[in-house]
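Novice: Contents of input37.pdb (PDB, C-alpha atoms) are given next:
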ATOM      1  CA  MET A   1      83.166  90.468 134.339
ATOM      2  CA  LYS A   2      83.352  94.019 135.645
ATOM      3  CA  THR A   3      86.022  96.433 134.461
ATOM      4  CA  ILE A   4      88.633  97.578 136.983
ATOM      5  CA  GLY A   5      90.077 101.082 136.772
ATOM      6  CA  LEU A   6      93.676 101.233 137.958
ATOM      7  CA  ILE A   7      95.326 104.469 139.046
ATOM      8  CA  GLY A   8      98.918 103.435 138.530
ATOM      9  CA  GLY A   9     102.421 104.637 137.841
ATOM     10  CA  LEU A  10     102.898 105.216 141.569
ATOM     11  CA  SER A  11     105.396 103.599 140.828
ATOM     12  CA  TRP A  12     105.058 101.561 137.635
ATOM     13  CA  GLU A  13     107.110  98.785 139.251
ATOM     14  CA  SER A  14     104.236  97.920 141.586
ATOM     15  CA  THR A  15     101.519  98.699 139.019
ATOM     16  CA  ALA A  16     102.998  95.926 136.886
ATOM     17  CA  ILE A  17     102.467  93.527 139.800
ATOM     18  CA  TYR A  18      98.799  94.526 140.037
ATOM     19  CA  TYR A  19      98.304  93.987 136.308
ATOM     20  CA  LYS A  20     100.080  90.632 136.273
ATOM     21  CA  PHE A  21      98.341  89.326 139.405
ATOM     22  CA  MET A  22      94.857  90.269 138.216
ATOM     23  CA  ASN A  23      95.299  88.628 134.828
ATOM     24  CA  GLU A  24      96.789  85.480 136.343
ATOM     25  CA  TYR A  25      93.882  85.292 138.818
ATOM     26  CA  VAL A  26      91.293  85.504 136.026
ATOM     27  CA  LYS A  27      93.175  82.929 133.960
ATOM     28  CA  LYS A  28      93.147  80.545 136.925
ATOM     29  CA  GLU A  29      89.460  81.129 137.707
ATOM     30  CA  LEU A  30      87.996  81.157 134.205
ATOM     31  CA  GLY A  31      90.547  79.265 132.134
ATOM     32  CA  GLY A  32      90.935  79.441 128.380
ATOM     33  CA  LEU A  33      92.123  82.774 127.070
ATOM     34  CA  HIS A  34      90.271  84.824 129.679
ATOM     35  CA  SER A  35      92.005  87.888 131.103
ATOM     36  CA  ALA A  36      91.036  90.770 133.355
ATOM     37  CA  LYS A  37      89.096  93.764 132.036
ATOM     38  CA  ILE A  38      91.266  96.704 133.040
ATOM     39  CA  VAL A  39      91.591 100.373 132.171
ATOM     40  CA  LEU A  40      94.724 102.114 133.399
ATOM     41  CA  HIS A  41      95.654 105.706 134.157
ATOM     42  CA  SER A  42      99.424 105.749 134.644
ATOM     43  CA  PHE A  43     101.043 108.823 136.187
ATOM     44  CA  ASP A  44     104.540 110.124 135.621
ATOM     45  CA  PHE A  45     105.615 109.251 139.163
ATOM     46  CA  GLN A  46     108.203 112.039 139.396
ATOM     47  CA  GLU A  47     105.440 114.636 139.127
ATOM     48  CA  ILE A  48     103.602 113.068 142.068
ATOM     49  CA  VAL A  49     106.769 112.680 144.140
ATOM     50  CA  ASN A  50     107.536 116.370 143.640
ATOM     51  CA  LEU A  51     104.107 117.263 145.015
ATOM     52  CA  GLN A  52     104.606 114.931 147.982
ATOM     53  CA  LYS A  53     107.982 116.450 148.850
ATOM     54  CA  LEU A  54     106.549 119.966 148.700
ATOM     55  CA  GLY A  55     103.515 118.988 150.768
ATOM     56  CA  HIS A  56     101.157 119.985 147.941
ATOM     57  CA  TRP A  57      98.597 117.345 148.864
ATOM     58  CA  ASP A  58      95.638 119.395 147.596
ATOM     59  CA  THR A  59      97.103 119.451 144.090
ATOM     60  CA  ALA A  60      97.898 115.751 144.325
ATOM     61  CA  THR A  61      94.306 115.108 145.371
ATOM     62  CA  GLU A  62      93.001 117.014 142.361
ATOM     63  CA  LYS A  63      95.150 114.894 140.059
ATOM     64  CA  MET A  64      93.939 111.682 141.676
ATOM     65  CA  ILE A  65      90.320 112.761 141.345
ATOM     66  CA  GLU A  66      90.826 113.640 137.684
ATOM     67  CA  ALA A  67      92.366 110.218 137.082
ATOM     68  CA  ALA A  68      89.490 108.406 138.813
ATOM     69  CA  GLN A  69      86.877 110.367 136.893
ATOM     70  CA  ALA A  70      88.649 109.632 133.614
ATOM     71  CA  LEU A  71      88.639 105.931 134.434
ATOM     72  CA  GLU A  72      84.935 106.039 135.245
ATOM     73  CA  ARG A  73      84.236 107.755 131.911
ATOM     74  CA  ALA A  74      86.293 105.023 130.228
ATOM     75  CA  GLY A  75      83.962 102.370 131.646
ATOM     76  CA  ALA A  76      85.543 101.361 134.948
ATOM     77  CA  ASP A  77      83.130  99.712 137.391
ATOM     78  CA  SER A  78      85.520 100.181 140.315
ATOM     79  CA  ILE A  79      88.598 102.231 141.154
ATOM     80  CA  VAL A  80      91.863 100.858 142.523
ATOM     81  CA  ILE A  81      94.609 103.219 143.700
ATOM     82  CA  CYS A  82      97.756 101.145 143.144
ATOM     83  CA  THR A  83      99.694 102.543 146.082
ATOM     84  CA  ASN A  84      99.316 102.852 149.834
ATOM     85  CA  THR A  85     100.451 106.456 150.296
ATOM     86  CA  MET A  86      97.936 107.987 147.913
ATOM     87  CA  HIS A  87      95.096 106.444 149.889
ATOM     88  CA  LEU A  88      95.595 109.602 151.914
ATOM     89  CA  MET A  89      93.003 111.091 149.544
ATOM     90  CA  ALA A  90      90.940 107.925 149.033
ATOM     91  CA  ASP A  91      87.837 109.427 150.671
ATOM     92  CA  ALA A  92      87.998 112.491 148.411
ATOM     93  CA  VAL A  93      88.405 110.279 145.356
ATOM     94  CA  GLN A  94      85.459 108.113 146.382
ATOM     95  CA  GLU A  95      83.243 111.183 146.819
ATOM     96  CA  ALA A  96      84.134 112.348 143.289
ATOM     97  CA  VAL A  97      83.035 109.169 141.473
ATOM     98  CA  SER A  98      79.884 107.053 141.470
ATOM     99  CA  VAL A  99      81.642 103.667 141.307
ATOM    100  CA  PRO A 100      83.171 101.980 144.385
ATOM    101  CA  LEU A 101      86.777 102.525 145.383
ATOM    102  CA  ILE A 102      88.399  99.306 146.609
ATOM    103  CA  HIS A 103      90.346 100.503 149.660
ATOM    104  CA  ILE A 104      93.737  98.924 150.286
ATOM    105  CA  VAL A 105      93.459  99.101 154.094
ATOM    106  CA  ASP A 106      90.125  97.277 154.035
ATOM    107  CA  ALA A 107      91.687  94.478 151.988
ATOM    108  CA  VAL A 108      94.666  94.213 154.334
ATOM    109  CA  SER A 109      92.492  94.413 157.448
ATOM    110  CA  ALA A 110      90.324  91.505 156.312
ATOM    111  CA  SER A 111      93.408  89.295 156.075
ATOM    112  CA  ILE A 112      94.781  90.467 159.425
ATOM    113  CA  LYS A 113      91.483  89.765 161.189
ATOM    114  CA  LYS A 114      91.295  86.331 159.569
ATOM    115  CA  ALA A 115      94.679  85.602 161.157
ATOM    116  CA  ASN A 116      93.309  86.693 164.577
ATOM    117  CA  ILE A 117      95.912  89.428 164.896
ATOM    118  CA  SER A 118      95.058  92.601 166.800
ATOM    119  CA  LYS A 119      98.422  94.428 166.913
ATOM    120  CA  ILE A 120     100.215  94.948 163.623
ATOM    121  CA  GLY A 121     103.461  96.576 162.533
ATOM    122  CA  LEU A 122     103.412  98.902 159.541
ATOM    123  CA  LEU A 123     106.244  99.509 157.079
ATOM    124  CA  GLY A 124     105.866 101.975 154.228
ATOM    125  CA  THR A 125     106.765 105.464 153.135
ATOM    126  CA  ALA A 126     107.178 108.103 155.830
ATOM    127  CA  PHE A 127     103.843 109.556 154.696
ATOM    128  CA  THR A 128     102.049 106.259 155.256
ATOM    129  CA  MET A 129     103.722 105.564 158.602
ATOM    130  CA  GLU A 130     103.497 109.080 160.046
ATOM    131  CA  LYS A 131     100.165 110.436 158.828
ATOM    132  CA  SER A 132      97.029 109.143 160.530
ATOM    133  CA  PHE A 133      94.941 107.967 157.568
ATOM    134  CA  TYR A 134      96.288 104.405 157.559
ATOM    135  CA  LYS A 135      96.289 103.866 161.322
ATOM    136  CA  ASP A 136      92.812 105.361 161.654
ATOM    137  CA  ARG A 137      91.392 103.012 159.019
ATOM    138  CA  LEU A 138      93.009 100.025 160.724
ATOM    139  CA  ALA A 139      91.565 101.180 164.047
ATOM    140  CA  LYS A 140      88.068 101.142 162.557
ATOM    141  CA  HIS A 141      88.646  97.434 161.989
ATOM    142  CA  GLY A 142      89.767  96.994 165.603
ATOM    143  CA  ILE A 143      93.458  96.677 164.739
ATOM    144  CA  GLU A 144      96.192  98.508 166.673
ATOM    145  CA  CYS A 145      99.089  99.714 164.533
ATOM    146  CA  ILE A 146     102.687 100.457 165.482
ATOM    147  CA  VAL A 147     105.528 101.835 163.336
ATOM    148  CA  PRO A 148     109.329 101.910 163.640
ATOM    149  CA  CYS A 149     111.234 104.662 165.438
ATOM    150  CA  GLU A 150     112.152 107.830 163.547
ATOM    151  CA  VAL A 151     115.462 106.436 162.288
ATOM    152  CA  GLY A 152     113.735 103.239 161.210
ATOM    153  CA  ARG A 153     111.020 105.155 159.372
ATOM    154  CA  GLU A 154     113.653 107.159 157.524
ATOM    155  CA  THR A 155     115.463 103.958 156.565
ATOM    156  CA  ALA A 156     112.298 102.337 155.218
ATOM    157  CA  HIS A 157     111.333 105.472 153.283
ATOM    158  CA  THR A 158     114.766 106.003 151.725
ATOM    159  CA  ILE A 159     115.040 102.415 150.483
ATOM    160  CA  ILE A 160     111.610 102.648 148.862
ATOM    161  CA  PHE A 161     112.328 105.790 146.863
ATOM    162  CA  SER A 162     116.042 105.391 146.136
ATOM    163  CA  GLU A 163     115.950 101.680 145.298
ATOM    164  CA  LEU A 164     112.637  99.830 145.078
ATOM    165  CA  CYS A 165     110.816 102.407 142.945
ATOM    166  CA  ARG A 166     113.759 102.130 140.556
ATOM    167  CA  GLY A 167     113.568  98.327 140.471
ATOM    168  CA  GLU A 168     116.787  97.919 142.507
ATOM    169  CA  ILE A 169     116.817  94.974 144.931
ATOM    170  CA  ARG A 170     119.757  94.900 147.358
ATOM    171  CA  GLU A 171     120.610  92.261 149.942
ATOM    172  CA  ASP A 172     121.834  94.830 152.490
ATOM    173  CA  SER A 173     118.519  96.668 152.223
ATOM    174  CA  LYS A 174     116.655  93.407 152.794
ATOM    175  CA  GLN A 175     118.688  92.924 155.975
ATOM    176  CA  ARG A 176     117.819  96.442 157.153
ATOM    177  CA  TYR A 177     114.125  95.746 156.603
ATOM    178  CA  GLN A 178     114.475  92.480 158.505
ATOM    179  CA  GLN A 179     115.950  94.427 161.418
ATOM    180  CA  LEU A 180     112.945  96.760 161.340
ATOM    181  CA  ILE A 181     110.588  93.773 161.404
ATOM    182  CA  ASN A 182     112.436  92.308 164.383
ATOM    183  CA  GLU A 183     112.185  95.640 166.208
ATOM    184  CA  LEU A 184     108.431  95.753 165.554
ATOM    185  CA  ALA A 185     108.150  92.217 166.932
ATOM    186  CA  ALA A 186     110.065  93.242 170.048
ATOM    187  CA  ASN A 187     107.515  96.040 170.540
ATOM    188  CA  GLY A 188     104.600  93.622 170.428
ATOM    189  CA  ALA A 189     103.663  93.409 166.756
ATOM    190  CA  GLU A 190     102.092  90.061 165.877
ATOM    191  CA  GLY A 191     102.496  90.599 162.138
ATOM    192  CA  VAL A 192     103.739  93.210 159.677
ATOM    193  CA  ILE A 193     102.031  95.052 156.834
ATOM    194  CA  LEU A 194     104.191  95.611 153.787
ATOM    195  CA  GLY A 195     102.436  98.952 153.469
ATOM    196  CA  CYS A 196     104.128 100.196 150.356
ATOM    197  CA  THR A 197     103.331  98.394 147.134
ATOM    198  CA  GLU A 198     107.049  98.158 146.252
ATOM    199  CA  ILE A 199     108.176  96.461 149.505
ATOM    200  CA  PRO A 200     107.059  92.969 148.349
ATOM    201  CA  LEU A 201     109.737  93.271 145.671
ATOM    202  CA  LEU A 202     112.238  93.062 148.557
ATOM    203  CA  ILE A 203     110.565  91.156 151.402
ATOM    204  CA  LYS A 204     108.767  87.811 151.144
ATOM    205  CA  GLN A 205     107.260  85.699 153.920
ATOM    206  CA  GLU A 206     110.428  83.614 154.139
ATOM    207  CA  ASP A 207     112.403  86.778 154.907
ATOM    208  CA  SER A 208     110.311  87.695 157.958
ATOM    209  CA  THR A 209     110.083  86.437 161.537
ATOM    210  CA  LEU A 210     106.498  87.758 161.619
ATOM    211  CA  PRO A 211     103.505  86.897 159.443
ATOM    212  CA  VAL A 212     103.659  89.187 156.401
ATOM    213  CA  PHE A 213     100.646  90.964 154.924
ATOM    214  CA  ASP A 214     101.470  91.939 151.360
ATOM    215  CA  SER A 215      99.296  94.976 150.669
ATOM    216  CA  THR A 216      99.880  94.750 146.908
ATOM    217  CA  THR A 217      98.535  91.257 146.310
ATOM    218  CA  LEU A 218      95.831  91.511 148.984
ATOM    219  CA  HIS A 219      94.540  94.685 147.332
ATOM    220  CA  ALA A 220      94.726  93.238 143.827
ATOM    221  CA  GLU A 221      92.954  90.084 144.977
ATOM    222  CA  ALA A 222      90.129  92.033 146.623
ATOM    223  CA  ALA A 223      89.630  94.084 143.463
ATOM    224  CA  ILE A 224      89.571  91.132 141.090
ATOM    225  CA  LYS A 225      87.251  89.127 143.348
ATOM    226  CA  ALA A 226      84.829  92.067 143.333
ATOM    227  CA  ALA A 227      85.023  92.181 139.542
ATOM    228  CA  LEU A 228      84.174  88.500 139.283
ATOM    229  CA  GLU A 229      81.645  88.174 142.106
ATOM    230  CA  GLU A 230      78.514  88.280 139.942
ATOM    231  CA  LEU A 231      79.702  85.642 137.471
ATOM    232  CA  PRO A 232      77.940  82.268 137.694
ATOM    233  CA  VAL A 233      79.898  79.499 139.415
TER     234      VAL A 233
END
Write out the structure in this file as structure tokens.
Specialist:
Amino acid sequence: MKTIGLIGGLSWESTAIYYKFMNEYVKKELGGLHSAKIVLHSFDFQEIVNLQKLGHWDTATEKMIEAAQALERAGADSIVICTNTMHLMADAVQEAVSVPLIHIVDAVSASIKKANISKIGLLGTAFTMEKSFYKDRLAKHGIECIVPCEVGRETAHTIIFSELCRGEIREDSKQRYQQLINELAANGAEGVILGCTEIPLLIKQEDSTLPVFDSTTLHAEAAIKAALEELPV
């Protein structure tokens, strides 16, 4: 089994989901007392959020590169950035290490294409919805991406940072997200990406009128499958 290097703490609420999912997947596949081989670099999320708010993306990139390099030195065979937003610097991180980076958009795109969907709605932080890195990567896979209106984007972003990253799950916030999903559907979306790793804490498939693509579990699954792919069947 290969060792997975997780860049986590972005926030820890979703990093815990990655850790739990990967270990449960290995337990199911290999049985016994098997568990995933993982090394973790966990950030103090407030420090990263401060950089995001100030637009200091170069400094944030340096920190992400340092984390990835530390994981590689610790024996990681692959790198997983446990958040959608910080894939903004995924290319820079990949260039700085010699092991593969498992890209979250590639994992999500594979599932979307399998469902024969070509136009997808995206919910996430304002950074993920408004910057081009996510949409551009989807486009390379032949997938058109749409996002909510400005007010909707602000709503989605605020709920993520003021509630979900703090582990707070509120019914009224679920209803607001459901309204955003319905608006995306009205604009032609055939499915919706839960493009922030905390959103699956709030929205499940049964809460959505559209097919849901949970970026957290799809990413974790892609990473653990890659770690296990050379094991004998």
Novice: Which one is closest to Ala186 of chain A: A:Val147, A:Ile7, A:Leu54, A:Ile159? Count only C-alpha atoms.
Specialist: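 Going through A:Val147, A:Ile7, A:Leu54, A:Ile159 one by one, the smallest distance to Ala186 of chain A is for A:Val147.
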Novice: Apply the PyMOL selection byres ((chain A and resi 38) around 7) to the structure shown and report the selected residues as a list of chain:residue names.
Specialist: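 The output of the PyMOL selection byres ((chain A and resi 38) around 7) on this file is A:Thr3, A:Ile4, A:Gly5, A:Ala36, A:Lys37, A:Val39, A:Leu40.
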Novice: Nearest residue to Gln179 of chain A out of A:Thr216, A:Ile224, A:Leu123, A:Leu10, using only C-alpha atoms?
Specialist: A:Leu123
Novice: Taking (94.4, 95.6, 156.3) as a centre in this file's frame and 10 Å as the limit, can you find every polymer residue with an atom that close, using only C-alpha atoms, and give them as a VMD selection string?
Specialist: chain A and resid 103 to 113 120 134 to 135 137 to 139 141 143 193 195 213 to 215 218 to 219
Novice: Can you spell out as a list in words the set of residues that the PyMOL selection byres ((chain A and resi 175) around 12) selects in the structure I just provided?
Specialist: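 Residues picked by the PyMOL selection byres ((chain A and resi 175) around 12): Thr155, Ala156, Ile159, Ile169, Arg170, Glu171, Asp172, Ser173, Lys174, Arg176, Tyr177, Gln178, Gln179, Leu180, Ile181, Asn182, Leu202, Ile203, Asp207 and Ser208 of chain A.
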Novice: Would you mind listing what lies within 9 Å of segment 25-28 of chain A as a compact mmCIF listing (two decimals) with C-alpha atoms, in the coordinates of the input, with all atoms listed in the file counted and same-chain residues fewer than 5 positions away left out?
Specialist:
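Saved result, selection.txt, follows:
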# COMPACT_ATOMS: atom_id res chain seq x y z
CA LYS A 20 100.08 90.63 136.27
CA LEU A 33 92.12 82.77 127.07
CA HIS A 34 90.27 84.82 129.68
CA SER A 35 92.00 87.89 131.10
CA ALA A 36 91.04 90.77 133.35
CA GLU A 221 92.95 90.08 144.98
CA ILE A 224 89.57 91.13 141.09
CA LYS A 225 87.25 89.13 143.35
CA LEU A 228 84.17 88.50 139.28
Novice: List as a Markdown table every residue of segment 66-141 of chain A that is in contact with segment 150-154 of chain A, defined as an atom at most 8 Å from one of its atoms (using only C-alpha atoms), together with the nearest atom pair and the distance in Å rounded to one decimal, sorted by chain and then rising number.
Specialist:
| residue | atom | partner | partner_atom | distance |
| --- | --- | --- | --- | --- |
| A:Leu123 | CA | A:Arg153 | CA | 7.7 |
| A:Gly124 | CA | A:Arg153 | CA | 7.9 |
| A:Thr125 | CA | A:Arg153 | CA | 7.6 |
| A:Ala126 | CA | A:Arg153 | CA | 6.0 |
| A:Met129 | CA | A:Arg153 | CA | 7.3 |
